[in-house]
Amino acid sequence: MPARVLRTPMTIAVLGLLAERPRHTYDMRVAMRERGHDRVLEIKNASLYDALRRLASAGLVEAGATIRDSARPERTVYHLTSAGEQRLLEWLREVLGDPAHDRTAFMSALMFMYALPRAEVADLVMRRARLLQEEIDASDAAIGAAKERGVEAVFLSEDAYAQALRRSECDWLRAFADDLREQRLTWPERTLT
C-alpha cells in the first residue's frame, strides 16, 4: 500500500499513541477523547480498526498480547514496529513543514509533534511559514495584476479571504516557532529515538 494512502490524520494519531506505549483500541479512544483529539478527528470504532488493519498490513504496527480486564471483553494490545516509528517521524516532518497539507493533517501532526525534538519542530514550522509566505507573495502579485487589468475588487473577494487566512496562519506559525525556541511551551519527554 502506498505511503500516501496510509498517511491519514487517523493513522498519524494511531502511530503517535503507540509511540508513547503499547495500547489496545479502547485505551487509544480514551486517550484521544481526553486530549481533545475528537475536536479534529472523527473518532469512530470502525475508522480506528480500519487504521490499525492498514497499518498492520504495512508492517507499521503489530498485534501483541490479548488481555482481559475483569468482565470486559478481551482486548488486543498493539505496538509500534521500528518501521512504524520511522514512518511516523517521516510523516510528522513532511506534514509539519509543508503548507500543501490540509488543516486536519497539520493539526494531527501537531498532536504528536513531541515525537520529534523541540528545535526540529520549530525549524519545520518556520519552513512551513516561509513556504506559506511565498504563496502569499505570489497571490498578492496575482491580485495586483488582476486589479491592474481592471478586475473589480468584489470579484477578488475569495482571493482576499484566502489571503487573510494565509496571513493569519503565517503569523501563528512564526509565533509558535518562537514559543518553541524560547521554551515557553512545556515539551513532553520524547519516547522515540
# chains A, B, ... in the order shown; residues from 1 in each chain; ligands from 1
>>> closest_atom_pairs(of="stretch 119-169 of chain A", to="stretch 88-103 of chain A", cutoff="8 Å", atoms="only C-alpha atoms", output="tab-separated table")
residue	atom	partner	partner_atom	distance
A:Val121	CA	A:Leu96	CA	7.5
A:Leu124	CA	A:Gly97	CA	4.4
A:Val125	CA	A:Gly97	CA	5.6
A:Met126	CA	A:Gly97	CA	7.5
A:Arg127	CA	A:Gly97	CA	5.5
A:Arg128	CA	A:Gly97	CA	4.5
A:Ala129	CA	A:Pro99	CA	7.9
A:Leu131	CA	A:Pro99	CA	6.9
A:Leu132	CA	A:Pro99	CA	6.2
>>> select_by_dssp(residues="stretch 3-192 of chain A", states="strand (DSSP E or B)", output="PyMOL selection string")
chain A and resi 23-24+61-67+75-80
>>> atom_distance(atom1="atom CA of A:Thr104", atom2="atom CA of A:Val14")
14.8 Å
>>> select_by_dssp(residues="chain A", states="helix (DSSP H, G or I)", output="number ranges by chain")
A: 3-6, 9-20, 25-34, 37-39, 45-57, 82-97, 103-111, 113-115, 118-148, 153-181
>>> residues_around(residues="A:Glu169", least_positions_apart="2", cutoff="10 Å", atoms="only C-alpha atoms", output="list in words")
Pro99, Arg128, Ala129, Leu132, Gln133, Gln163, Ala164, Leu165, Arg166, Arg167, Asp171, Trp172, Leu173, Arg174 and Ala175 of chain A
>>> write_last_selection(atoms="N, CA and C atoms", output="PDB file, in the first residue's frame")
ATOM      1  N   PRO A  99       3.032  23.524   3.771  1.00  0.00           N
ATOM      2  CA  PRO A  99       1.653  24.007   3.812  1.00  0.00           C
ATOM      3  C   PRO A  99       0.739  23.362   2.773  1.00  0.00           C
ATOM      4  N   ARG A 128       7.449  25.833   7.061  1.00  0.00           N
ATOM      5  CA  ARG A 128       6.062  25.949   6.603  1.00  0.00           C
ATOM      6  C   ARG A 128       5.686  27.424   6.451  1.00  0.00           C
ATOM      7  N   ALA A 129       6.089  28.253   7.408  1.00  0.00           N
ATOM      8  CA  ALA A 129       5.780  29.679   7.343  1.00  0.00           C
ATOM      9  C   ALA A 129       6.453  30.330   6.130  1.00  0.00           C
ATOM     10  N   LEU A 132       4.590  29.283   3.061  1.00  0.00           N
ATOM     11  CA  LEU A 132       3.303  29.969   3.055  1.00  0.00           C
ATOM     12  C   LEU A 132       3.483  31.429   2.656  1.00  0.00           C
ATOM     13  N   GLN A 133       4.561  32.053   3.120  1.00  0.00           N
ATOM     14  CA  GLN A 133       4.837  33.441   2.743  1.00  0.00           C
ATOM     15  C   GLN A 133       5.066  33.554   1.235  1.00  0.00           C
ATOM     16  N   GLN A 163      -6.223  35.018   1.289  1.00  0.00           N
ATOM     17  CA  GLN A 163      -5.011  35.705   1.735  1.00  0.00           C
ATOM     18  C   GLN A 163      -5.069  36.016   3.231  1.00  0.00           C
ATOM     19  N   ALA A 164      -6.223  36.430   3.714  1.00  0.00           N
ATOM     20  CA  ALA A 164      -6.361  36.717   5.153  1.00  0.00           C
ATOM     21  C   ALA A 164      -6.086  35.458   5.977  1.00  0.00           C
ATOM     22  N   LEU A 165      -6.604  34.319   5.519  1.00  0.00           N
ATOM     23  CA  LEU A 165      -6.359  33.055   6.229  1.00  0.00           C
ATOM     24  C   LEU A 165      -4.875  32.691   6.190  1.00  0.00           C
ATOM     25  N   ARG A 166      -4.251  32.835   5.027  1.00  0.00           N
ATOM     26  CA  ARG A 166      -2.823  32.518   4.907  1.00  0.00           C
ATOM     27  C   ARG A 166      -1.991  33.408   5.825  1.00  0.00           C
ATOM     28  N   ARG A 167      -2.299  34.698   5.831  1.00  0.00           N
ATOM     29  CA  ARG A 167      -1.528  35.635   6.675  1.00  0.00           C
ATOM     30  C   ARG A 167      -1.697  35.287   8.158  1.00  0.00           C
ATOM     31  N   ASP A 171       1.341  34.155  10.631  1.00  0.00           N
ATOM     32  CA  ASP A 171       1.615  34.836  11.902  1.00  0.00           C
ATOM     33  C   ASP A 171       1.637  33.842  13.055  1.00  0.00           C
ATOM     34  N   TRP A 172       0.651  32.933  13.078  1.00  0.00           N
ATOM     35  CA  TRP A 172       0.596  31.939  14.147  1.00  0.00           C
ATOM     36  C   TRP A 172       1.821  31.027  14.115  1.00  0.00           C
ATOM     37  N   LEU A 173       2.195  30.577  12.930  1.00  0.00           N
ATOM     38  CA  LEU A 173       3.350  29.687  12.802  1.00  0.00           C
ATOM     39  C   LEU A 173       4.620  30.346  13.332  1.00  0.00           C
ATOM     40  N   ARG A 174       4.824  31.601  12.990  1.00  0.00           N
ATOM     41  CA  ARG A 174       6.028  32.313  13.462  1.00  0.00           C
ATOM     42  C   ARG A 174       6.018  32.467  14.978  1.00  0.00           C
ATOM     43  N   ALA A 175       4.867  32.827  15.527  1.00  0.00           N
ATOM     44  CA  ALA A 175       4.766  32.978  16.984  1.00  0.00           C
ATOM     45  C   ALA A 175       4.956  31.628  17.681  1.00  0.00           C
TER      46      ALA A 175
END
>>> closest_residue(among="A:Ala141, A:Ala83, A:Leu110, A:Ala13", to="A:Glu42", atoms="only C-alpha atoms")
A:Ala13
>>> residues_around(residues="stretch 182-189 of chain A", least_positions_apart="4", cutoff="10 Å", atoms="only C-alpha atoms", output="VMD selection string")
chain A and resid 20 113 to 119 176 to 178
>>> atom_distance(atom1="atom CA of A:Met111", atom2="atom CA of A:Ala51")
17.0 Å
>>> atom_distance(atom1="atom CA of A:Leu18", atom2="atom CA of A:Tyr78")
7.3 Å
>>> closest_residue(among="A:Ala160, A:Ser108, A:Thr76, A:Thr66", to="A:Met32", atoms="only C-alpha atoms")
A:Ser108
>>> closest_residue(among="A:Thr25, A:Ala31, A:Arg87, A:Leu55", to="A:Pro73", atoms="only C-alpha atoms")
A:Thr25
>>> residues_around(residues="A:Val61", least_positions_apart="2", cutoff="12 Å", atoms="only C-alpha atoms", output="PDB file with C-alpha atoms, in the first residue's frame")
ATOM      1  CA  THR A  11      -3.125   6.784  11.128  1.00  0.00           C
ATOM      2  CA  ILE A  12      -0.827   9.555  12.364  1.00  0.00           C
ATOM      3  CA  VAL A  14      -2.628   5.789  15.998  1.00  0.00           C
ATOM      4  CA  LEU A  15       1.123   5.730  15.357  1.00  0.00           C
ATOM      5  CA  GLY A  16       1.626   8.674  17.710  1.00  0.00           C
ATOM      6  CA  LEU A  17      -0.291   7.000  20.521  1.00  0.00           C
ATOM      7  CA  LEU A  18       1.551   3.715  20.024  1.00  0.00           C
ATOM      8  CA  ALA A  19       4.859   5.595  20.037  1.00  0.00           C
ATOM      9  CA  ARG A  21       3.371   2.927  24.692  1.00  0.00           C
ATOM     10  CA  PRO A  22       1.595  -0.247  23.527  1.00  0.00           C
ATOM     11  CA  ARG A  23      -2.181   0.197  23.680  1.00  0.00           C
ATOM     12  CA  HIS A  24      -5.454  -1.536  22.897  1.00  0.00           C
ATOM     13  CA  ALA A  51      -6.413   2.328  10.502  1.00  0.00           C
ATOM     14  CA  LEU A  52      -4.946  -0.468  12.636  1.00  0.00           C
ATOM     15  CA  ARG A  53      -5.670  -3.044   9.941  1.00  0.00           C
ATOM     16  CA  ARG A  54      -3.995  -0.957   7.237  1.00  0.00           C
ATOM     17  CA  LEU A  55      -1.007  -0.119   9.448  1.00  0.00           C
ATOM     18  CA  ALA A  56      -0.584  -3.786  10.411  1.00  0.00           C
ATOM     19  CA  SER A  57      -0.751  -4.838   6.748  1.00  0.00           C
ATOM     20  CA  ALA A  58       2.044  -2.368   6.008  1.00  0.00           C
ATOM     21  CA  GLY A  59       4.145  -3.696   8.904  1.00  0.00           C
ATOM     22  CA  ALA A  63      -0.788  -7.043  17.388  1.00  0.00           C
ATOM     23  CA  GLY A  64       0.620  -8.283  20.657  1.00  0.00           C
ATOM     24  CA  VAL A  77      -2.668  -4.727  22.573  1.00  0.00           C
ATOM     25  CA  TYR A  78      -0.871  -3.174  19.592  1.00  0.00           C
ATOM     26  CA  HIS A  79       2.665  -1.873  19.464  1.00  0.00           C
ATOM     27  CA  LEU A  80       4.681   0.190  17.044  1.00  0.00           C
ATOM     28  CA  THR A  81       7.294  -1.534  14.880  1.00  0.00           C
ATOM     29  CA  SER A  82      10.603   0.144  14.070  1.00  0.00           C
ATOM     30  CA  ALA A  83       9.269   0.729  10.539  1.00  0.00           C
ATOM     31  CA  GLY A  84       6.192   2.365  12.092  1.00  0.00           C
ATOM     32  CA  GLU A  85       8.385   4.608  14.214  1.00  0.00           C
ATOM     33  CA  GLN A  86      10.372   5.710  11.169  1.00  0.00           C
ATOM     34  CA  ARG A  87       7.216   6.300   9.125  1.00  0.00           C
ATOM     35  CA  LEU A  88       5.649   8.373  11.928  1.00  0.00           C
TER      36      LEU A  88
END
